[in-house]
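Structure data follow from input-v6.csv (CSV, C-alpha atoms):
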chain,number,residue,atom,x,y,z
A,481,MET,CA,86.7,185.8,131.6
A,482,ILE,CA,88.3,188.0,134.3
A,483,ILE,CA,86.6,190.4,136.7
A,484,GLN,CA,87.9,193.9,136.6
A,485,ILE,CA,86.8,197.6,136.7
A,486,PRO,CA,87.0,198.9,133.1
A,487,ALA,CA,88.3,202.4,132.3
A,488,ASP,CA,85.5,205.0,132.7
A,489,ASP,CA,83.5,202.7,135.0
A,490,ASN,CA,83.2,202.4,138.7
A,491,ARG,CA,82.1,198.7,139.0
A,492,GLU,CA,83.6,195.3,138.5
A,493,ARG,CA,82.6,193.7,135.2
A,494,TYR,CA,83.2,190.4,133.4
A,495,VAL,CA,85.8,191.1,130.7
A,496,CYS,CA,86.9,188.5,128.1
A,497,VAL,CA,90.7,188.2,128.2
A,498,GLU,CA,90.7,187.2,124.5
A,499,CYS,CA,88.7,190.0,122.9
A,500,GLU,CA,88.4,192.5,125.8
A,501,THR,CA,84.6,192.6,125.4
A,502,ILE,CA,82.9,193.7,128.6
A,503,HIS,CA,80.0,191.4,129.4
A,504,TYR,CA,77.5,193.6,131.4
A,505,ARG,CA,75.1,191.9,133.7
A,506,ASN,CA,71.9,193.7,134.6
A,507,PRO,CA,68.5,192.9,136.2
A,508,LYS,CA,65.9,191.2,134.0
A,509,ILE,CA,62.2,192.1,133.5
A,510,VAL,CA,59.6,189.5,134.1
A,511,SER,CA,56.5,190.5,132.3
A,512,GLY,CA,53.0,189.0,132.7
A,513,CYS,CA,49.3,189.3,132.8
A,514,ILE,CA,46.3,189.1,135.1
A,515,PRO,CA,43.9,187.6,132.6
A,516,VAL,CA,40.3,188.4,133.7
A,517,HIS,CA,37.0,187.0,132.5
A,518,GLU,CA,34.0,188.4,134.3
A,519,ASP,CA,34.7,187.9,138.1
A,520,LYS,CA,37.3,185.2,137.4
A,521,ILE,CA,41.1,185.2,137.0
A,522,LEU,CA,43.1,182.7,134.8
A,523,LEU,CA,45.9,180.9,136.6
A,524,CYS,CA,48.4,178.3,135.4
A,525,ARG,CA,49.7,175.4,137.3
A,526,ARG,CA,53.5,175.1,136.7
A,527,SER,CA,54.9,172.0,135.0
A,528,ILE,CA,58.5,173.2,135.6
A,529,GLU,CA,60.8,174.0,138.5
A,530,PRO,CA,61.0,176.2,140.5
A,531,LYS,CA,57.6,175.7,142.1
A,532,TYR,CA,56.4,172.7,140.1
A,533,GLY,CA,52.7,172.1,140.7
A,534,TYR,CA,52.1,175.6,142.2
A,535,TRP,CA,49.7,178.2,140.6
A,536,THR,CA,50.8,181.4,139.0
A,537,LEU,CA,49.8,184.2,136.6
A,538,PRO,CA,51.3,183.8,133.1
A,539,ALA,CA,54.6,185.6,133.2
A,540,GLY,CA,58.2,185.2,132.1
A,541,PHE,CA,61.4,186.8,131.1
A,542,MET,CA,61.1,189.6,128.5
A,543,GLU,CA,63.0,188.8,125.4
A,544,MET,CA,65.1,190.9,123.0
A,545,ASP,CA,63.2,192.9,120.3
A,546,GLU,CA,59.9,193.0,122.1
A,547,THR,CA,58.1,195.5,124.3
A,548,THR,CA,56.9,194.8,127.9
A,549,LEU,CA,53.3,194.5,126.6
A,550,GLU,CA,54.3,192.1,123.8
A,551,ALA,CA,56.2,190.0,126.4
A,552,ALA,CA,53.1,189.9,128.6
A,553,ARG,CA,50.9,188.8,125.7
A,554,ARG,CA,53.4,186.3,124.5
A,555,GLU,CA,53.9,184.7,127.9
A,556,THR,CA,50.1,184.4,128.2
A,557,LEU,CA,49.9,182.7,124.9
A,558,GLU,CA,52.8,180.4,125.6
A,559,GLU,CA,51.7,179.3,129.1
A,560,ALA,CA,47.9,179.3,128.7
A,561,ASN,CA,47.3,179.4,125.0
A,562,ALA,CA,45.2,182.5,125.9
A,563,ARG,CA,44.7,185.7,124.1
A,564,VAL,CA,44.3,189.0,126.0
A,565,GLU,CA,43.7,192.7,125.6
A,566,ILE,CA,46.0,194.5,127.9
A,567,GLU,CA,44.3,197.3,129.9
A,568,GLN,CA,46.7,198.7,132.5
A,569,LEU,CA,50.3,198.4,133.9
A,570,TYR,CA,49.1,197.1,137.3
A,571,SER,CA,52.1,196.1,139.4
A,572,VAL,CA,55.8,196.8,139.3
A,573,ILE,CA,57.7,194.8,141.9
A,574,ASN,CA,61.5,194.7,142.4
A,575,LEU,CA,63.2,191.5,143.6
A,576,PRO,CA,66.8,192.7,144.0
A,577,TYR,CA,68.0,189.5,145.6
A,578,VAL,CA,67.3,187.6,142.3
A,579,ASN,CA,67.8,190.7,140.1
A,580,GLN,CA,64.3,190.7,138.7
A,581,VAL,CA,61.7,193.4,138.1
A,582,TYR,CA,58.1,192.1,137.7
A,583,MET,CA,55.8,194.1,135.5
A,584,ILE,CA,52.2,192.7,135.6
A,585,TYR,CA,49.5,194.0,133.4
A,586,ARG,CA,45.7,193.9,134.1
A,587,SER,CA,44.1,192.3,131.0
A,588,ARG,CA,40.9,191.0,129.6
A,589,LEU,CA,40.6,187.4,128.2
A,590,LEU,CA,39.4,187.7,124.6
A,591,ASP,CA,37.9,184.2,124.5
A,592,LEU,CA,37.7,181.1,126.7
A,593,ASP,CA,39.6,178.9,124.3
A,594,PHE,CA,42.6,178.5,126.7
A,595,SER,CA,44.6,175.4,127.6
A,596,PRO,CA,47.9,174.4,129.3
A,597,GLY,CA,51.0,175.4,127.3
A,598,GLU,CA,54.3,173.4,127.6
A,599,GLU,CA,55.2,175.0,131.0
A,600,SER,CA,51.8,174.4,132.5
A,601,LEU,CA,50.0,171.3,133.9
A,602,GLU,CA,46.6,172.9,134.0
A,603,THR,CA,44.9,176.3,133.3
A,604,ARG,CA,41.8,177.3,135.2
A,605,LEU,CA,39.6,180.3,135.9
A,606,PHE,CA,39.2,181.1,139.7
A,607,THR,CA,36.8,183.3,141.5
A,608,GLU,CA,38.3,185.3,144.5
A,609,GLN,CA,37.0,182.6,146.9
A,610,GLU,CA,38.5,179.8,144.9
A,611,ILE,CA,42.1,181.2,144.6
A,612,PRO,CA,44.5,178.6,146.1
A,613,TRP,CA,46.3,181.1,148.3
A,614,ASN,CA,48.6,178.5,149.9
A,615,GLU,CA,49.6,177.1,146.5
A,616,ILE,CA,50.6,180.4,144.7
A,617,ALA,CA,54.1,180.0,143.2
A,618,PHE,CA,55.7,183.4,143.9
A,619,ARG,CA,55.3,186.3,146.4
A,620,THR,CA,55.0,188.8,143.5
A,621,ILE,CA,52.0,187.0,142.2
A,622,LYS,CA,50.4,186.7,145.6
A,623,HIS,CA,50.8,190.4,146.3
A,624,THR,CA,49.5,191.3,142.8
A,625,LEU,CA,46.4,189.2,143.2
A,626,GLU,CA,45.8,190.6,146.7
A,627,TYR,CA,46.0,194.1,145.3
A,628,TYR,CA,43.7,193.2,142.4
A,629,PHE,CA,40.9,191.9,144.6
A,630,ALA,CA,41.2,194.8,147.1
A,631,ASP,CA,41.1,197.3,144.2
A,632,ARG,CA,38.1,195.5,142.6
A,633,ALA,CA,36.2,195.7,145.9
A,634,ALA,CA,37.1,199.4,146.2
A,635,GLY,CA,36.0,200.0,142.7
A,636,GLU,CA,39.2,201.5,141.3
A,637,PHE,CA,42.3,199.9,139.9
A,638,ARG,CA,45.6,201.8,140.3
A,639,LEU,CA,49.3,201.0,139.7
A,640,HIS,CA,51.0,199.3,142.7
A,641,THR,CA,54.8,199.4,143.2
A,642,GLY,CA,56.9,197.7,145.8
A,643,ASP,CA,60.1,195.8,146.6
A,644,ILE,CA,60.5,192.4,148.1
A,645,LEU,CA,63.6,192.5,150.2
A,646,ARG,CA,65.4,189.5,151.6
A,647,GLN,CA,67.3,189.7,154.9
A,648,ASP,CA,68.5,186.7,157.0
A,649,ASN,CA,66.3,184.4,154.9
A,650,GLN,CA,63.2,186.5,155.7
A,651,TYR,CA,61.3,188.2,152.9
A,652,ASN,CA,59.6,191.5,153.4
A,653,PHE,CA,57.3,193.3,151.0
A,654,VAL,CA,57.7,197.0,151.1
A,655,GLU,CA,55.3,199.3,149.2
A,656,SER,CA,57.2,202.0,147.4
A,657,VAL,CA,55.8,205.1,145.7
A,658,ASN,CA,52.4,205.4,143.9
B,1216,MET,CA,80.3,180.8,121.7
B,1217,ILE,CA,77.9,179.2,119.3
B,1218,ILE,CA,74.2,180.1,118.6
B,1219,GLN,CA,71.7,177.3,119.1
B,1220,ILE,CA,68.3,176.6,120.5
B,1221,PRO,CA,68.8,174.8,123.9
B,1222,ALA,CA,66.6,171.9,124.9
B,1223,ASP,CA,63.3,173.1,126.5
B,1224,ASP,CA,63.6,176.4,124.7
B,1225,ASN,CA,62.2,178.0,121.6
B,1226,ARG,CA,64.8,180.6,120.8
B,1227,GLU,CA,68.4,180.8,119.7
B,1228,ARG,CA,70.8,181.6,122.5
B,1229,TYR,CA,74.5,182.1,122.9
B,1230,VAL,CA,75.9,178.9,124.3
B,1231,CYS,CA,79.6,178.4,125.4
B,1232,VAL,CA,81.1,175.4,123.5
B,1233,GLU,CA,83.5,174.8,126.4
B,1234,CYS,CA,81.2,174.8,129.5
B,1235,GLU,CA,77.7,174.7,127.8
B,1236,THR,CA,76.6,177.7,129.8
B,1237,ILE,CA,73.7,179.5,128.1
B,1238,HIS,CA,74.3,183.2,128.0
B,1239,TYR,CA,70.8,184.8,127.9
B,1240,ARG,CA,70.5,188.3,126.5
B,1241,ASN,CA,67.5,190.4,127.7
B,1242,PRO,CA,66.4,194.0,127.5
B,1243,LYS,CA,67.9,196.4,130.1
B,1244,ILE,CA,66.1,198.9,132.3
B,1245,VAL,CA,67.2,202.5,132.2
B,1246,SER,CA,66.1,204.1,135.4
B,1247,GLY,CA,66.1,207.9,136.2
B,1248,CYS,CA,64.5,210.9,137.8
B,1249,ILE,CA,62.7,214.2,137.0
B,1250,PRO,CA,64.3,216.2,139.8
B,1251,VAL,CA,61.9,219.1,140.6
B,1252,HIS,CA,62.6,222.3,142.6
B,1253,GLU,CA,59.6,224.6,142.8
B,1254,ASP,CA,58.7,225.3,139.2
B,1255,LYS,CA,62.0,224.1,137.8
B,1256,ILE,CA,63.5,220.8,136.6
B,1257,LEU,CA,67.2,219.8,136.9
B,1258,LEU,CA,68.8,218.8,133.6
B,1259,CYS,CA,72.4,217.5,133.0
B,1260,ARG,CA,74.4,218.3,129.9
B,1261,ARG,CA,76.2,215.2,128.7
B,1262,SER,CA,80.0,215.0,128.7
B,1263,ILE,CA,79.9,211.5,127.0
B,1264,GLU,CA,78.7,210.0,123.8
B,1265,PRO,CA,76.1,209.4,122.6
B,1266,LYS,CA,74.7,212.9,122.4
B,1267,TYR,CA,77.7,214.7,123.9
B,1268,GLY,CA,76.7,218.3,124.8
B,1269,TYR,CA,73.0,217.6,124.8
B,1270,TRP,CA,70.7,217.9,127.8
B,1271,THR,CA,69.0,215.0,129.6
B,1272,LEU,CA,67.4,213.9,132.8
B,1273,PRO,CA,69.7,211.9,135.1
B,1274,ALA,CA,69.2,208.3,134.1
B,1275,GLY,CA,71.2,205.2,133.4
B,1276,PHE,CA,71.4,201.4,133.3
B,1277,MET,CA,70.0,199.7,136.4
B,1278,GLU,CA,72.7,197.6,138.1
B,1279,MET,CA,72.6,194.2,139.8
B,1280,ASP,CA,71.5,194.1,143.5
B,1281,GLU,CA,69.5,197.3,143.4
B,1282,THR,CA,65.9,198.3,142.9
B,1283,THR,CA,64.6,200.6,140.2
B,1284,LEU,CA,64.2,203.4,142.8
B,1285,GLU,CA,67.7,202.9,144.1
B,1286,ALA,CA,69.0,203.0,140.5
B,1287,ALA,CA,67.1,206.3,139.8
B,1288,ARG,CA,68.5,207.8,143.0
B,1289,ARG,CA,72.1,206.6,142.3
B,1290,GLU,CA,72.1,207.9,138.7
B,1291,THR,CA,70.9,211.3,140.0
B,1292,LEU,CA,73.7,211.3,142.5
B,1293,GLU,CA,76.3,210.2,140.0
B,1294,GLU,CA,75.3,212.5,137.2
B,1295,ALA,CA,74.3,215.6,139.1
B,1296,ASN,CA,75.5,215.1,142.7
B,1297,ALA,CA,71.9,215.7,143.6
B,1298,ARG,CA,69.8,214.0,146.3
B,1299,VAL,CA,66.1,213.4,145.7
B,1300,GLU,CA,63.0,212.1,147.3
B,1301,ILE,CA,61.2,209.9,144.8
B,1302,GLU,CA,57.4,210.6,144.5
B,1303,GLN,CA,56.0,208.6,141.7
B,1304,LEU,CA,56.8,206.1,138.9
B,1305,TYR,CA,56.0,208.6,136.1
B,1306,SER,CA,56.9,207.1,132.7
B,1307,VAL,CA,57.6,203.6,131.4
B,1308,ILE,CA,58.7,203.7,127.8
B,1309,ASN,CA,59.8,200.7,125.7
B,1310,LEU,CA,62.6,201.1,123.0
B,1311,PRO,CA,62.6,197.6,121.5
B,1312,TYR,CA,65.0,198.6,118.7
B,1313,VAL,CA,67.8,199.1,121.3
B,1314,ASN,CA,66.3,196.6,123.9
B,1315,GLN,CA,65.8,199.2,126.6
B,1316,VAL,CA,62.9,200.0,128.9
B,1317,TYR,CA,63.0,203.5,130.5
B,1318,MET,CA,61.5,203.9,133.9
B,1319,ILE,CA,61.5,207.6,135.0
B,1320,TYR,CA,60.4,208.7,138.5
B,1321,ARG,CA,59.0,212.1,139.5
B,1322,SER,CA,61.1,213.4,142.4
B,1323,ARG,CA,61.8,216.3,144.6
B,1324,LEU,CA,65.2,217.8,145.0
B,1325,LEU,CA,66.2,217.7,148.7
B,1326,ASP,CA,68.6,220.6,148.4
B,1327,LEU,CA,70.2,222.8,145.8
B,1328,ASP,CA,73.8,221.6,146.4
B,1329,PHE,CA,74.1,219.9,142.9
B,1330,SER,CA,77.0,220.0,140.5
B,1331,PRO,CA,78.1,218.1,137.4
B,1332,GLY,CA,79.2,214.5,137.9
B,1333,GLU,CA,81.8,212.7,135.7
B,1334,GLU,CA,79.3,212.2,132.9
B,1335,SER,CA,78.0,215.8,132.9
B,1336,LEU,CA,79.5,219.0,131.6
B,1337,GLU,CA,76.9,221.2,133.4
B,1338,THR,CA,73.8,220.8,135.6
B,1339,ARG,CA,71.1,223.5,135.7
B,1340,LEU,CA,67.6,224.2,136.8
B,1341,PHE,CA,65.2,225.1,134.0
B,1342,THR,CA,61.7,226.6,134.0
B,1343,GLU,CA,59.3,225.2,131.4
B,1344,GLN,CA,60.0,228.3,129.2
B,1345,GLU,CA,63.8,227.7,129.5
B,1346,ILE,CA,63.9,224.0,128.5
B,1347,PRO,CA,66.2,223.6,125.5
B,1348,TRP,CA,63.8,221.5,123.5
B,1349,ASN,CA,66.0,221.3,120.4
B,1350,GLU,CA,69.0,220.1,122.5
B,1351,ILE,CA,67.4,217.2,124.5
B,1352,ALA,CA,69.5,214.1,124.1
B,1353,PHE,CA,66.8,211.4,123.9
B,1354,ARG,CA,63.3,211.0,122.7
B,1355,THR,CA,62.2,209.2,125.9
B,1356,ILE,CA,63.4,212.3,127.9
B,1357,LYS,CA,61.6,214.7,125.6
B,1358,HIS,CA,58.3,212.8,125.8
B,1359,THR,CA,58.6,212.5,129.6
B,1360,LEU,CA,59.2,216.3,130.0
B,1361,GLU,CA,56.3,217.1,127.7
B,1362,TYR,CA,54.0,214.8,129.8
B,1363,TYR,CA,55.3,216.4,133.0
B,1364,PHE,CA,54.5,220.0,131.9
B,1365,ALA,CA,51.1,219.0,130.5
B,1366,ASP,CA,50.1,217.2,133.7
B,1367,ARG,CA,51.4,220.0,135.8
B,1368,ALA,CA,49.2,222.5,133.8
B,1369,ALA,CA,46.2,220.1,134.2
B,1370,GLY,CA,46.9,219.8,137.9
B,1371,GLU,CA,47.3,216.0,138.1
B,1372,PHE,CA,50.3,213.7,137.6
B,1373,ARG,CA,49.6,210.2,136.3
B,1374,LEU,CA,51.7,207.3,135.0
B,1375,HIS,CA,52.4,207.5,131.2
B,1376,THR,CA,53.4,204.4,129.2
B,1377,GLY,CA,54.4,204.1,125.6
B,1378,ASP,CA,56.6,202.6,123.0
B,1379,ILE,CA,59.1,204.2,120.6
B,1380,LEU,CA,59.1,202.2,117.5
B,1381,ARG,CA,61.6,202.4,114.6
B,1382,GLN,CA,60.6,201.7,111.0
B,1383,ASP,CA,62.6,202.7,107.9
B,1384,ASN,CA,64.7,205.0,110.1
B,1385,GLN,CA,61.6,206.8,111.3
B,1386,TYR,CA,60.8,206.9,115.0
B,1387,ASN,CA,57.2,206.8,116.1
B,1388,PHE,CA,56.0,207.3,119.7
B,1389,VAL,CA,52.9,205.3,120.4
B,1390,GLU,CA,51.1,205.6,123.8
B,1391,SER,CA,50.1,202.3,125.3
B,1392,VAL,CA,47.8,201.5,128.2
B,1393,ASN,CA,47.3,203.8,131.3
Rendering of file as structure tokens:
Amino acid sequence: MIIQIPADDNRERYVCVECETIHYRNPKIVSGCIPVHEDKILLCRRSIEPKYGYWTLPAGFMEMDETTLEAARRETLEEANARVEIEQLYSVINLPYVNQVYMIYRSRLLDLDFSPGEESLETRLFTEQEIPWNEIAFRTIKHTLEYYFADRAAGEFRLHTGDILRQDNQYNFVESVN
Amino acid sequence: MIIQIPADDNRERYVCVECETIHYRNPKIVSGCIPVHEDKILLCRRSIEPKYGYWTLPAGFMEMDETTLEAARRETLEEANARVEIEQLYSVINLPYVNQVYMIYRSRLLDLDFSPGEESLETRLFTEQEIPWNEIAFRTIKHTLEYYFADRAAGEFRLHTGDILRQDNQYNFVESVN
């Protein structure tokens, strides 16, 4: 592999010197759910790095041949053995410093027959008061949960969009449009 | 490169036999704008394949190190030499058969100093009556424009989400949540 700017392009790409194939690299979508049952949210405690032992919403990299909704449902099934009905695209958060875009859907748990999947140590329903705020794995999840409880209190759920930007090892969350 | 299921995974991946690097392949985001001036929309006529000569909204693959909003603004600058203020995430459309997720933002043209970029033959403002519906390059763009004019007539713009599914060479647009 060499790095060069292909003809008709304006950026450096990875190009195979053998077959001349251009290997494009692009940001990835992380799709997931807020699984809701009555006044409680289902969280998963991670059994893998990064953030082993921390709590998160079920979410993961979108795979080929699926939609963002299918990815969110699949991740919820894989990480929590839980089935959901998806209700709303709820948060879209850019993390340009790791080339990820989070898309989290508000959803309704279809039954209470959930249990830890391979990437989880534990799965549990939490009321707002019980949320372990200091043990949430990722900033995107923390912001999404904060929006959720604020919107629930206000009586209206709406899409939230924002960017988490890293500068000098500081992370800032900036709301964008919507 | 060989295709195999890595340890701790449940899917086949491309793995380099030399260095054992796993080359993940994931869907890509296509980010773009509806650039609006008064009652008109800016469209670009494509100077490249696919769909050479057809009209489209400025949009393209999101690159590394940028946010979805930055990608939408950059594509609008590259394809139409146009500057916009982004107002709303307006459509999110999955195309699983080509592993793309379109994210189109409603935006306001900041000035009328636009012109065709390298990938455009022509750039032009269109009223609703003037839109060349039979010469729109992509289904995602057609659905997004239809939503835009319907919402404008109704007096309220809201996020639209959907999937375009291919079966037996037929394409069906299915609205999802929101």
Find the nearest atom pair between each residue of chain B and chain A for residues within 6 Å, count only C-alpha atoms, give distances in Å to one decimal, sort rows by chain and ascending number, and present the table as JSON lines.
{"residue": "B:Asn1241", "atom": "CA", "partner": "A:Glu543", "partner_atom": "CA", "distance": 5.3}
{"residue": "B:Pro1242", "atom": "CA", "partner": "A:Met544", "partner_atom": "CA", "distance": 5.6}
{"residue": "B:Glu1278", "atom": "CA", "partner": "A:Asn506", "partner_atom": "CA", "distance": 5.3}
{"residue": "B:Met1279", "atom": "CA", "partner": "A:Asn506", "partner_atom": "CA", "distance": 5.3}
{"residue": "B:Asp1280", "atom": "CA", "partner": "A:Pro576", "partner_atom": "CA", "distance": 4.9}
{"residue": "B:Glu1281", "atom": "CA", "partner": "A:Pro576", "partner_atom": "CA", "distance": 5.4}
{"residue": "B:Thr1282", "atom": "CA", "partner": "A:Asn574", "partner_atom": "CA", "distance": 5.7}
{"residue": "B:Glu1302", "atom": "CA", "partner": "A:Val657", "partner_atom": "CA", "distance": 5.9}
{"residue": "B:Gln1303", "atom": "CA", "partner": "A:Asn658", "partner_atom": "CA", "distance": 5.3}
{"residue": "B:Asn1309", "atom": "CA", "partner": "A:Thr547", "partner_atom": "CA", "distance": 5.6}
{"residue": "B:Pro1311", "atom": "CA", "partner": "A:Asp545", "partner_atom": "CA", "distance": 4.9}
{"residue": "B:Asn1314", "atom": "CA", "partner": "A:Met544", "partner_atom": "CA", "distance": 5.9}
{"residue": "B:Val1392", "atom": "CA", "partner": "A:Gln568", "partner_atom": "CA", "distance": 5.2}
{"residue": "B:Asn1393", "atom": "CA", "partner": "A:Gln568", "partner_atom": "CA", "distance": 5.3}
Selection file, C-alpha atoms, as a CSV table (one decimal), keeping the file's coordinate frame:
chain,number,residue,atom,x,y,z
B,1241,ASN,CA,67.5,190.4,127.7
B,1242,PRO,CA,66.4,194.0,127.5
B,1278,GLU,CA,72.7,197.6,138.1
B,1279,MET,CA,72.6,194.2,139.8
B,1280,ASP,CA,71.5,194.1,143.5
B,1281,GLU,CA,69.5,197.3,143.4
B,1282,THR,CA,65.9,198.3,142.9
B,1302,GLU,CA,57.4,210.6,144.5
B,1303,GLN,CA,56.0,208.6,141.7
B,1309,ASN,CA,59.8,200.7,125.7
B,1311,PRO,CA,62.6,197.6,121.5
B,1314,ASN,CA,66.3,196.6,123.9
B,1392,VAL,CA,47.8,201.5,128.2
B,1393,ASN,CA,47.3,203.8,131.3
Could you state the separation of atom CA of Trp613 of chain A and atom CA of Gly540 of chain A in Å, given to one decimal place? 20.5 Å
Gap from atom CA of Thr624 of chain A to atom CA of Asp1366 of chain B - Å, one decimal: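 Separating atom CA of Thr624 of chain A from atom CA of Asp1366 of chain B is a distance of 27.5 Å.
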Report the distance between atom CA of Leu1340 of chain B and atom CA of Ile1256 of chain B in Å, rounded to one decimal place. 5.3 Å
Nearest candidate to Arg588 of chain A (options A:Val654, A:Thr556, A:Thr536, A:Ile528; using only C-alpha atoms):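 Of A:Val654, A:Thr556, A:Thr536, A:Ile528, the one nearest Arg588 of chain A is A:Thr556, counting only C-alpha atoms.
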If we count all atoms listed in the file and set the cut-off at 9 Å, which residues sit around Pro486 of chain A, ignoring sequence neighbours fewer than 4 positions away in its own chain? Please answer as a ChimeraX atom specification. /A:490-493,495,502
May I ask which of the residues B:Ile1218, B:Gly1268, B:Ala1286, B:Ala1352 is the closest one to Ile1319 of chain B, counting all atoms listed in the file? B:Ala1286
Of the listed residues B:Ser1306, B:Gln1344, B:Gln1382, B:Thr1338, that which approaches Leu1292 of chain B most closely, counting all atoms listed in the file: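 For Leu1292 of chain B, the nearest of the given residues is B:Thr1338.
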Considering all atoms listed in the file, state which residue in the set B:Ser1246, B:Ser1335, B:Gln1385, B:Thr1342 is at the smallest distance from Ile1356 of chain B.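 Result for the nearest residue to Ile1356 of chain B: B:Ser1246.
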Counting all atoms listed in the file, the residue of A:Ile514, A:Glu498, A:Ser595, A:Glu550 that sits nearest Tyr628 of chain A: A:Ile514
What lies within 10 Å of Ala1295 of chain B using only C-alpha atoms, ignoring chain neighbours under 2 positions off, as a list in words? Leu1257, Leu1258, Cys1259, Arg1260, Leu1272, Pro1273, Arg1289, Glu1290, Thr1291, Leu1292, Glu1293, Ala1297, Arg1298, Asp1328, Phe1329, Ser1330, Pro1331, Gly1332, Glu1333, Glu1334, Ser1335, Leu1336, Glu1337, Thr1338 and Arg1339 of chain B
